[in-house]
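Peer 1: Structure file final_24.txt (compact mmCIF, C-alpha atoms) right here:
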```txt
# COMPACT_ATOMS: atom_id res chain seq x y z
CA MET A 1 -7.46 -4.26 21.94
CA LYS A 2 -6.71 -7.42 23.93
CA LEU A 3 -4.52 -8.75 21.13
CA ILE A 4 -2.50 -5.52 21.10
CA PHE A 5 -1.91 -5.92 24.84
CA TYR A 6 -0.80 -9.54 24.36
CA ARG A 7 1.47 -8.56 21.50
CA TYR A 8 3.19 -5.83 23.51
CA PHE A 9 3.56 -8.23 26.40
CA MET A 10 5.20 -10.83 24.14
CA TYR A 11 7.37 -8.21 22.48
CA SER A 12 8.59 -7.03 25.86
CA PHE A 13 11.05 -9.91 25.48
CA LEU A 14 12.20 -8.29 22.25
CA ALA A 15 12.72 -5.08 24.22
CA ILE A 16 14.85 -6.93 26.76
CA GLU A 17 16.90 -8.50 23.96
CA VAL A 18 17.35 -5.15 22.18
CA LEU A 19 18.57 -3.45 25.37
CA LEU A 20 20.52 -6.38 26.84
CA LEU A 21 22.60 -7.71 23.94
CA PRO A 22 24.53 -4.46 23.32
CA LEU A 23 25.52 -4.42 27.00
CA PHE A 24 27.55 -7.62 27.01
CA LEU A 25 28.44 -8.16 23.34
CA GLU A 26 31.30 -6.35 21.68
CA LYS A 27 30.09 -3.47 19.54
CA GLU A 28 31.44 -4.91 16.26
CA PHE A 29 30.17 -8.40 17.09
CA TYR A 30 26.70 -7.09 17.94
CA ALA A 31 26.57 -5.18 14.65
CA THR A 32 27.61 -8.26 12.68
CA PHE A 33 25.02 -10.46 14.36
CA GLU A 34 22.25 -7.93 13.76
CA TYR A 35 23.32 -7.78 10.10
CA TYR A 36 22.98 -11.57 9.81
CA LYS A 37 19.65 -11.52 11.67
CA PHE A 38 18.24 -8.86 9.37
CA ILE A 39 19.09 -11.00 6.33
CA ILE A 40 17.45 -14.06 7.92
CA PHE A 41 14.24 -12.05 8.45
CA PHE A 42 14.53 -10.63 4.92
CA ILE A 43 14.83 -13.97 3.06
CA PRO A 44 11.05 -14.77 3.05
CA PHE A 45 10.50 -11.69 0.89
CA LEU A 46 12.34 -13.55 -1.88
CA MET A 47 9.34 -15.91 -2.03
CA LEU A 48 7.85 -13.29 -4.38
CA GLY A 49 4.70 -12.77 -2.34
CA SER A 50 3.46 -16.37 -2.38
CA PRO A 51 2.34 -16.19 1.31
CA SER A 52 0.24 -13.09 0.52
CA GLY A 53 -1.08 -14.92 -2.54
CA TYR A 54 -2.14 -17.75 -0.25
CA ILE A 55 -4.18 -15.29 1.85
CA TYR A 56 -5.71 -13.81 -1.34
CA HIS A 57 -6.88 -17.16 -2.71
CA LYS A 58 -8.02 -18.31 0.73
CA TYR A 59 -10.52 -15.47 1.07
CA ASN A 60 -11.22 -14.26 -2.47
CA HIS A 61 -11.65 -17.66 -4.11
CA LYS A 62 -12.14 -19.91 -1.06
CA LYS A 63 -9.18 -22.04 -2.17
CA GLU A 64 -6.95 -23.77 0.38
CA TYR A 65 -3.43 -23.90 -1.07
CA PHE A 66 -1.41 -24.24 2.14
CA ASN A 67 0.00 -27.66 1.22
CA GLU A 68 1.27 -26.26 -2.09
CA LEU A 69 2.64 -23.19 -0.32
CA LEU A 70 4.56 -25.34 2.14
CA LEU A 71 5.95 -27.87 -0.36
CA PHE A 72 6.76 -25.68 -3.36
CA GLY A 73 7.76 -22.75 -1.17
CA PHE A 74 10.26 -25.08 0.53
CA ILE A 75 11.67 -26.04 -2.89
CA HIS A 76 11.71 -22.38 -3.95
CA CYS A 77 13.78 -21.49 -0.89
CA LEU A 78 16.18 -24.40 -1.51
CA LEU A 79 16.89 -22.93 -4.96
CA ILE A 80 17.91 -19.62 -3.35
CA LEU A 81 20.17 -21.06 -0.65
CA PRO A 82 23.13 -21.92 -2.97
CA PHE A 83 23.45 -18.22 -3.84
CA LEU A 84 23.54 -17.36 -0.14
CA TRP A 85 26.22 -20.01 0.39
CA ILE A 86 28.52 -18.07 -1.94
CA PHE A 87 28.43 -14.99 0.31
CA PHE A 88 27.79 -16.57 3.72
CA ASP A 89 29.83 -19.70 4.28
CA ASN A 90 27.86 -20.85 7.32
CA VAL A 91 25.53 -23.87 7.33
CA LEU A 92 23.64 -22.73 10.44
CA PHE A 93 22.91 -19.40 8.76
CA LEU A 94 21.46 -21.18 5.71
CA VAL A 95 19.32 -23.46 7.89
CA LEU A 96 17.96 -20.42 9.73
CA CYS A 97 17.06 -18.77 6.42
CA LEU A 98 15.16 -21.91 5.42
CA LEU A 99 13.36 -22.17 8.77
CA MET A 100 12.45 -18.48 8.68
CA THR A 101 10.78 -18.99 5.31
CA ILE A 102 8.85 -22.06 6.46
CA SER A 103 7.85 -20.18 9.60
CA LEU A 104 6.33 -17.37 7.54
CA PHE A 105 4.21 -19.93 5.65
CA VAL A 106 3.08 -21.46 8.93
CA GLU A 107 2.36 -18.02 10.42
CA HIS A 108 -0.02 -17.18 7.56
CA LYS A 109 -1.85 -20.49 8.05
CA LEU A 110 -2.22 -19.81 11.79
CA GLN A 111 -3.46 -16.33 10.94
CA THR A 112 -6.28 -17.76 8.81
CA GLN A 113 -7.16 -20.10 11.70
CA ARG A 114 -7.39 -17.00 13.96
CA MET A 115 -4.58 -18.25 16.20
CA PHE A 116 -3.12 -14.75 16.32
CA ILE A 117 -1.15 -15.04 19.55
CA LEU A 118 0.67 -18.19 18.40
CA ALA A 119 1.18 -16.72 14.91
CA LEU A 120 2.80 -13.61 16.41
CA GLY A 121 4.88 -15.61 18.89
CA LEU A 122 7.91 -16.46 16.74
CA LYS A 123 9.97 -13.29 17.20
CA PRO A 124 9.33 -13.14 20.98
CA MET A 125 10.41 -16.80 21.10
CA ILE A 126 13.64 -15.91 19.28
CA SER A 127 14.25 -13.06 21.73
CA ILE A 128 13.73 -15.35 24.74
CA PHE A 129 16.34 -17.78 23.44
CA LEU A 130 18.79 -14.99 22.58
CA ILE A 131 18.47 -13.65 26.13
CA ILE A 132 19.76 -17.07 27.25
CA SER A 133 23.13 -16.07 25.75
CA PHE A 134 23.47 -13.52 28.57
CA LEU A 135 22.84 -16.27 31.14
CA LEU A 136 25.46 -18.49 29.47
CA ILE A 137 28.06 -15.77 30.01
CA TYR A 138 26.80 -14.68 33.42
CA PHE A 139 26.96 -18.20 34.90
CA ASN A 140 30.21 -19.05 33.06
CA PHE A 141 28.77 -21.87 30.95
CA VAL A 142 30.83 -20.53 28.03
CA ASP A 143 33.95 -18.36 27.91
CA GLU A 144 32.63 -16.16 25.11
CA ILE A 145 29.60 -15.84 22.90
CA THR A 146 30.25 -16.72 19.26
CA ILE A 147 28.08 -16.23 16.21
CA ASN A 148 27.38 -19.97 16.07
CA ILE A 149 26.15 -19.99 19.67
CA LEU A 150 23.66 -17.26 18.81
CA PHE A 151 22.65 -19.13 15.66
CA LEU A 152 22.09 -22.33 17.68
CA LEU A 153 19.90 -20.43 20.12
CA MET A 154 17.89 -19.04 17.22
CA LEU A 155 17.67 -22.53 15.70
CA SER A 156 16.24 -23.86 18.98
CA SER A 157 13.61 -21.12 19.04
CA PHE A 158 12.52 -21.90 15.48
CA LEU A 159 12.21 -25.61 16.22
CA VAL A 160 10.20 -25.07 19.42
CA TRP A 161 7.80 -22.66 17.70
CA LEU A 162 7.39 -24.84 14.60
CA ILE A 163 6.74 -28.00 16.64
CA ILE A 164 4.01 -26.22 18.61
CA SER A 165 2.55 -24.64 15.46
CA PHE A 166 2.45 -27.79 13.36
CA ARG A 167 0.45 -29.50 16.11
CA LYS A 168 -2.19 -26.76 15.77
CA ILE A 169 -2.42 -26.59 11.98
CA ASN A 170 -5.33 -28.16 10.12
CA PHE A 171 -3.90 -29.80 7.01
CA GLU A 172 -6.02 -30.65 3.98
CA LYS A 173 -5.93 -34.42 3.53
CA ASN A 174 -5.82 -36.32 0.23
CA GLN A 175 -5.22 -33.08 -1.65
CA LYS A 176 -3.57 -33.34 -5.05
CA LEU A 177 -0.67 -30.91 -5.10
CA LYS A 178 -0.23 -28.78 -8.21
CA ILE A 179 2.73 -26.50 -8.82
CA LYS A 180 0.39 -24.38 -10.94
CA ASN A 181 -1.33 -23.26 -7.73
CA TYR A 182 1.97 -22.03 -6.31
CA PHE A 183 2.51 -19.84 -9.38
CA LEU A 184 -1.05 -18.55 -9.01
CA MET A 185 -0.18 -17.49 -5.46
CA ILE A 186 2.93 -15.66 -6.71
CA LYS A 187 0.90 -13.99 -9.48
CA LYS A 188 -1.55 -12.50 -6.98
CA GLY A 189 0.84 -12.08 -4.06
CA PHE A 190 3.73 -10.30 -5.76
CA PRO A 191 1.86 -7.02 -6.44
CA ILE A 192 0.49 -7.11 -2.87
CA ASN A 193 3.98 -7.60 -1.45
CA ALA A 194 5.91 -5.33 -3.82
CA GLY A 195 5.72 -2.25 -1.60
CA THR A 196 6.92 -4.11 1.49
CA LEU A 197 9.70 -5.72 -0.54
CA LEU A 198 10.92 -2.31 -1.70
CA ILE A 199 10.88 -0.99 1.88
CA MET A 200 12.90 -3.99 3.09
CA LEU A 201 15.34 -3.60 0.19
CA TYR A 202 15.76 0.05 1.18
CA PHE A 203 16.60 -0.92 4.76
CA PHE A 204 18.93 -3.66 3.56
CA CYS A 205 20.81 -1.27 1.25
CA ASP A 206 20.90 1.31 4.04
CA ARG A 207 22.35 -1.23 6.46
CA PHE A 208 24.79 -2.57 3.83
CA ILE A 209 26.13 0.93 3.15
CA ALA A 210 26.51 1.50 6.90
CA LYS A 211 28.41 -1.79 7.19
CA GLU A 212 30.75 -1.08 4.29
CA TYR A 213 31.44 2.62 4.77
CA TYR A 214 30.38 3.58 8.31
CA ASN A 215 31.05 0.39 10.20
CA GLU A 216 31.74 2.20 13.47
CA TYR A 217 28.09 3.35 13.47
CA LEU A 218 26.54 0.02 12.43
CA ALA A 219 25.85 -1.11 16.01
CA SER A 220 24.05 2.17 16.77
CA TYR A 221 22.11 1.85 13.53
CA SER A 222 21.05 -1.70 14.44
CA LEU A 223 19.90 -0.63 17.89
CA SER A 224 17.89 2.27 16.45
CA TYR A 225 16.28 0.01 13.86
CA ASN A 226 15.19 -2.42 16.58
CA LEU A 227 13.67 0.39 18.63
CA ILE A 228 11.69 1.63 15.63
CA GLN A 229 9.90 -1.72 15.44
CA PHE A 230 8.04 -1.00 18.67
CA ILE A 231 6.29 1.98 17.06
CA LEU A 232 4.93 -0.27 14.31
CA LEU A 233 3.67 -3.07 16.59
CA ALA A 234 0.23 -1.67 17.41
CA LEU A 235 -0.45 -0.54 13.85
CA SER A 236 0.62 -3.82 12.28
CA THR A 237 -1.43 -5.76 14.85
CA LEU A 238 -4.57 -3.90 13.76
CA ALA A 239 -3.80 -4.72 10.14
CA TYR A 240 -2.99 -8.33 11.04
CA VAL A 241 -6.45 -8.95 12.52
CA ASN A 242 -8.38 -6.91 9.95
CA VAL A 243 -6.95 -8.91 7.05
CA VAL A 244 -8.76 -11.94 8.46
CA ASP A 245 -11.93 -10.05 9.48
CA VAL A 246 -12.31 -8.48 6.05
CA GLY A 247 -11.35 -11.70 4.26
CA GLU A 248 -13.94 -13.81 6.08
CA LYS A 249 -16.69 -11.30 5.21
CA TYR A 250 -15.41 -10.63 1.69
CA SER A 251 -18.56 -11.77 -0.12
CA ASN A 252 -20.84 -9.66 2.14
CA ILE A 253 -18.83 -6.46 2.47
CA ASN A 254 -20.85 -3.25 2.21
CA LEU A 255 -20.16 0.45 2.68
CA ASP A 256 -21.28 0.48 6.33
CA PHE A 257 -18.86 -2.36 7.15
CA LEU A 258 -15.97 -0.51 5.52
CA LYS A 259 -16.84 2.77 7.30
CA ARG A 260 -16.99 1.00 10.65
CA LYS A 261 -13.62 -0.69 10.07
CA TYR A 262 -12.08 2.55 8.86
CA PHE A 263 -13.10 4.56 11.93
CA ILE A 264 -12.09 1.78 14.36
CA VAL A 265 -8.63 1.38 12.81
CA THR A 266 -8.12 5.15 12.48
CA ARG A 267 -9.11 5.82 16.10
CA TYR A 268 -6.82 3.16 17.57
CA SER A 269 -3.99 4.04 15.16
CA LEU A 270 -4.00 7.70 16.12
CA PHE A 271 -4.20 6.86 19.83
CA TYR A 272 -1.16 4.56 19.70
CA CYS A 273 0.81 6.89 17.43
CA TYR A 274 0.38 9.80 19.86
CA PHE A 275 1.04 7.58 22.89
CA LEU A 276 4.27 6.16 21.44
CA PHE A 277 5.34 9.58 20.17
CA PHE A 278 5.19 11.07 23.67
CA LEU A 279 6.67 7.90 25.21
CA PHE A 280 9.75 8.00 22.99
```
As structure tokens, what does this structure read like?

Peer 2:
Amino acid sequence: MKLIFYRYFMYSFLAIEVLLLPLFLEKEFYATFEYYKFIIFFIPFLMLGSPSGYIYHKYNHKKEYFNELLLFGFIHCLLILPFLWIFFDNVLFLVLCLLMTISLFVEHKLQTQRMFILALGLKPMISIFLIISFLLIYFNFVDEITINILFLLMLSSFLVWLIISFRKINFEKNQKLKIKNYFLMIKKGFPINAGTLLIMLYFFCDRFIAKEYYNEYLASYSLSYNLIQFILLALSTLAYVNVVDVGEKYSNINLDFLKRKYFIVTRYSLFYCYFLFFLF
């Protein structure tokens, strides 16, 4: 319950960003930026579920593969970036895609260390830095906001969050890295992640069609999509914590434990669904 409160508090900055940016950015520019931002957040799904595979092996087999996830996942992402370069001729955009992928790896490691607030802090951090763009215009530090200014603000947020996170991570020392372990993570993680990947592909195709054929509505679509995220926050927070709770007790799980978890999650889920339904 406390974590849900903290998460909504942190994501209040996302709410400010969602409501503020459309007020001072041109409609077409806002839509374009949101299109880029969606792709940046989508790129980690091209890691074929390796982060989910890391969680699986961490709890099911008590194997710590974070070093392999970080190294070989970094290489995996580098192999994808040239294809993005063909369609998006922007170095900052490519760097952000790379940092977003690394950040997802780091987030999963923080999750297993039960540092939930820090793990969930990346997107609020991005929102805080994007809100700075309003201050740059308001106090006349810049004449106009460009896509590269917004990318630089996002870059700063990634770097700040990663520096803080890496100081908190417990790395395995003197561990021999094997690429085989990375493929094992993909093998287990891809089926786990397949449903989410399909949902994200659906939203990407939906947004792409809006951009190509209904461009005048793309800004409204982007704003609506951002608002929808608030409905999912409480539910995803419950899942976020229970992945770790269930994983840590994996070898001792019994029917009573599952019943207790089921009723707790169901009760809170229904409460927040009804609350948000009436709120919106």

Peer 1: Of the candidates A:Phe166, A:Phe129, A:Tyr225, A:Tyr262, which one gets nearest to Leu153 of chain A if we count all atoms listed in the file?

Peer 2: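 Under the stated criterion, the closest residue is A:Phe129.
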
Peer 1: Work out how far apart atom CA of Ile145 of chain A and atom CA of Tyr213 of chain A are and give it in Å to one decimal.

Peer 2: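 According to the coordinates, atom CA of Ile145 of chain A and atom CA of Tyr213 of chain A are separated by 25.9 Å.
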
Peer 1: Have a look at A:Asn140, A:Asn60, A:Thr266, A:Ser127 and name the one nearest to Leu21 of chain A; count all atoms listed in the file.

Peer 2: A:Ser127

Peer 1: One decimal, Å: what's the distance from atom CA of Leu197 of chain A over to atom CA of Glu107 of chain A, could you say?

Peer 2: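 Separation of atom CA of Leu197 of chain A and atom CA of Glu107 of chain A: 18.0 Å.
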
Peer 1: Write out as a PyMOL selection string which residues come within 8 Å of segment 24-28 of chain A when counting only C-alpha atoms, dropping same-chain ones fewer than 2 positions away.

Peer 2: chain A and resi 20-22+30-32+134+145+216+218-219

Peer 1: Restricted to C-alpha atoms, what would the selected residues look like written as a PDB file, in the coordinates of the input?

Peer 2:
```pdb
ATOM      1  CA  LEU A  20      20.520  -6.380  26.840  1.00  0.00           C
ATOM      2  CA  LEU A  21      22.600  -7.710  23.940  1.00  0.00           C
ATOM      3  CA  PRO A  22      24.530  -4.460  23.320  1.00  0.00           C
ATOM      4  CA  TYR A  30      26.700  -7.090  17.940  1.00  0.00           C
ATOM      5  CA  ALA A  31      26.570  -5.180  14.650  1.00  0.00           C
ATOM      6  CA  THR A  32      27.610  -8.260  12.680  1.00  0.00           C
ATOM      7  CA  PHE A 134      23.470 -13.520  28.570  1.00  0.00           C
ATOM      8  CA  ILE A 145      29.600 -15.840  22.900  1.00  0.00           C
ATOM      9  CA  GLU A 216      31.740   2.200  13.470  1.00  0.00           C
ATOM     10  CA  LEU A 218      26.540   0.020  12.430  1.00  0.00           C
ATOM     11  CA  ALA A 219      25.850  -1.110  16.010  1.00  0.00           C
TER      12      ALA A 219
END
```

Peer 1: Here is a test: counting only C-alpha atoms, which residue of A:Ala194, A:Ala210, A:Met185, A:Leu120 is nearest to Pro51 of chain A?

Peer 2: A:Met185

Peer 1: Which residue is closest to Leu69 of chain A? Choose from A:Asn170, A:Gln175, A:Asn181, A:Thr112 and count all atoms listed in the file.

Peer 2: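 Looking at the shortest contact to Leu69 of chain A, the residue is A:Asn181.
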
Peer 1: Edge lengths and centre in Å to one decimal, as lines of an AutoDock Vina configuration file, of the axis-aligned box that encloses all listed atoms of segment 116-128 of chain A with 6 Å added on every side?

Peer 2:
```
center_x = 5.6
center_y = -15.6
center_z = 19.8
size_x = 29.4
size_y = 17.1
size_z = 21.8
```

Peer 1: Which value, in Å to one decimal, gives the distance between atom CA of Val142 of chain A and atom CA of Phe13 of chain A?

Peer 2: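 Computed distance, atom CA of Val142 of chain A to atom CA of Phe13 of chain A, equals 22.6 Å.
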
Peer 1: Applying 10 Å and all atoms listed in the file, which residues near His108 of chain A remain after dropping the ones on its own chain fewer than 3 positions away? List them as a PyMOL selection string.

Peer 2: chain A and resi 51-52+54-55+66+103-105+111-116+119-120+240

Peer 1: Given all atoms listed in the file as the basis, pick out the residue of A:Tyr11, A:Lys211, A:Leu276, A:Val18 nearest to Leu227 of chain A.

Peer 2: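 For Leu227 of chain A, the nearest of the given residues is A:Val18.
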
Peer 1: Given the choices A:Asp89, A:Asn254, A:Arg207, A:Tyr65, which gets closest to Lys180 of chain A if the distance is worked out from only C-alpha atoms?

Peer 2: A:Tyr65

Peer 1: Would you list the residues near (7.0, -14.2, -2.0), meaning any protein, DNA or RNA residue with an atom at most 12 Å from that point in file coordinates, counting all atoms listed in the file, as a PDB file with C-alpha atoms, keeping the file's coordinate frame?

Peer 2:
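Just written: point20.pdb:
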```
ATOM      1  CA  PHE A  42      14.530 -10.630   4.920  1.00  0.00           C
ATOM      2  CA  ILE A  43      14.830 -13.970   3.060  1.00  0.00           C
ATOM      3  CA  PRO A  44      11.050 -14.770   3.050  1.00  0.00           C
ATOM      4  CA  PHE A  45      10.500 -11.690   0.890  1.00  0.00           C
ATOM      5  CA  LEU A  46      12.340 -13.550  -1.880  1.00  0.00           C
ATOM      6  CA  MET A  47       9.340 -15.910  -2.030  1.00  0.00           C
ATOM      7  CA  LEU A  48       7.850 -13.290  -4.380  1.00  0.00           C
ATOM      8  CA  GLY A  49       4.700 -12.770  -2.340  1.00  0.00           C
ATOM      9  CA  SER A  50       3.460 -16.370  -2.380  1.00  0.00           C
ATOM     10  CA  PRO A  51       2.340 -16.190   1.310  1.00  0.00           C
ATOM     11  CA  SER A  52       0.240 -13.090   0.520  1.00  0.00           C
ATOM     12  CA  GLY A  53      -1.080 -14.920  -2.540  1.00  0.00           C
ATOM     13  CA  TYR A  54      -2.140 -17.750  -0.250  1.00  0.00           C
ATOM     14  CA  ILE A  55      -4.180 -15.290   1.850  1.00  0.00           C
ATOM     15  CA  LEU A  69       2.640 -23.190  -0.320  1.00  0.00           C
ATOM     16  CA  PHE A  72       6.760 -25.680  -3.360  1.00  0.00           C
ATOM     17  CA  GLY A  73       7.760 -22.750  -1.170  1.00  0.00           C
ATOM     18  CA  PHE A  74      10.260 -25.080   0.530  1.00  0.00           C
ATOM     19  CA  HIS A  76      11.710 -22.380  -3.950  1.00  0.00           C
ATOM     20  CA  CYS A  77      13.780 -21.490  -0.890  1.00  0.00           C
ATOM     21  CA  THR A 101      10.780 -18.990   5.310  1.00  0.00           C
ATOM     22  CA  ILE A 102       8.850 -22.060   6.460  1.00  0.00           C
ATOM     23  CA  LEU A 104       6.330 -17.370   7.540  1.00  0.00           C
ATOM     24  CA  PHE A 105       4.210 -19.930   5.650  1.00  0.00           C
ATOM     25  CA  TYR A 182       1.970 -22.030  -6.310  1.00  0.00           C
ATOM     26  CA  PHE A 183       2.510 -19.840  -9.380  1.00  0.00           C
ATOM     27  CA  LEU A 184      -1.050 -18.550  -9.010  1.00  0.00           C
ATOM     28  CA  MET A 185      -0.180 -17.490  -5.460  1.00  0.00           C
ATOM     29  CA  ILE A 186       2.930 -15.660  -6.710  1.00  0.00           C
ATOM     30  CA  LYS A 187       0.900 -13.990  -9.480  1.00  0.00           C
ATOM     31  CA  LYS A 188      -1.550 -12.500  -6.980  1.00  0.00           C
ATOM     32  CA  GLY A 189       0.840 -12.080  -4.060  1.00  0.00           C
ATOM     33  CA  PHE A 190       3.730 -10.300  -5.760  1.00  0.00           C
ATOM     34  CA  PRO A 191       1.860  -7.020  -6.440  1.00  0.00           C
ATOM     35  CA  ILE A 192       0.490  -7.110  -2.870  1.00  0.00           C
ATOM     36  CA  ASN A 193       3.980  -7.600  -1.450  1.00  0.00           C
ATOM     37  CA  ALA A 194       5.910  -5.330  -3.820  1.00  0.00           C
ATOM     38  CA  THR A 196       6.920  -4.110   1.490  1.00  0.00           C
ATOM     39  CA  LEU A 197       9.700  -5.720  -0.540  1.00  0.00           C
TER      40      LEU A 197
END
```
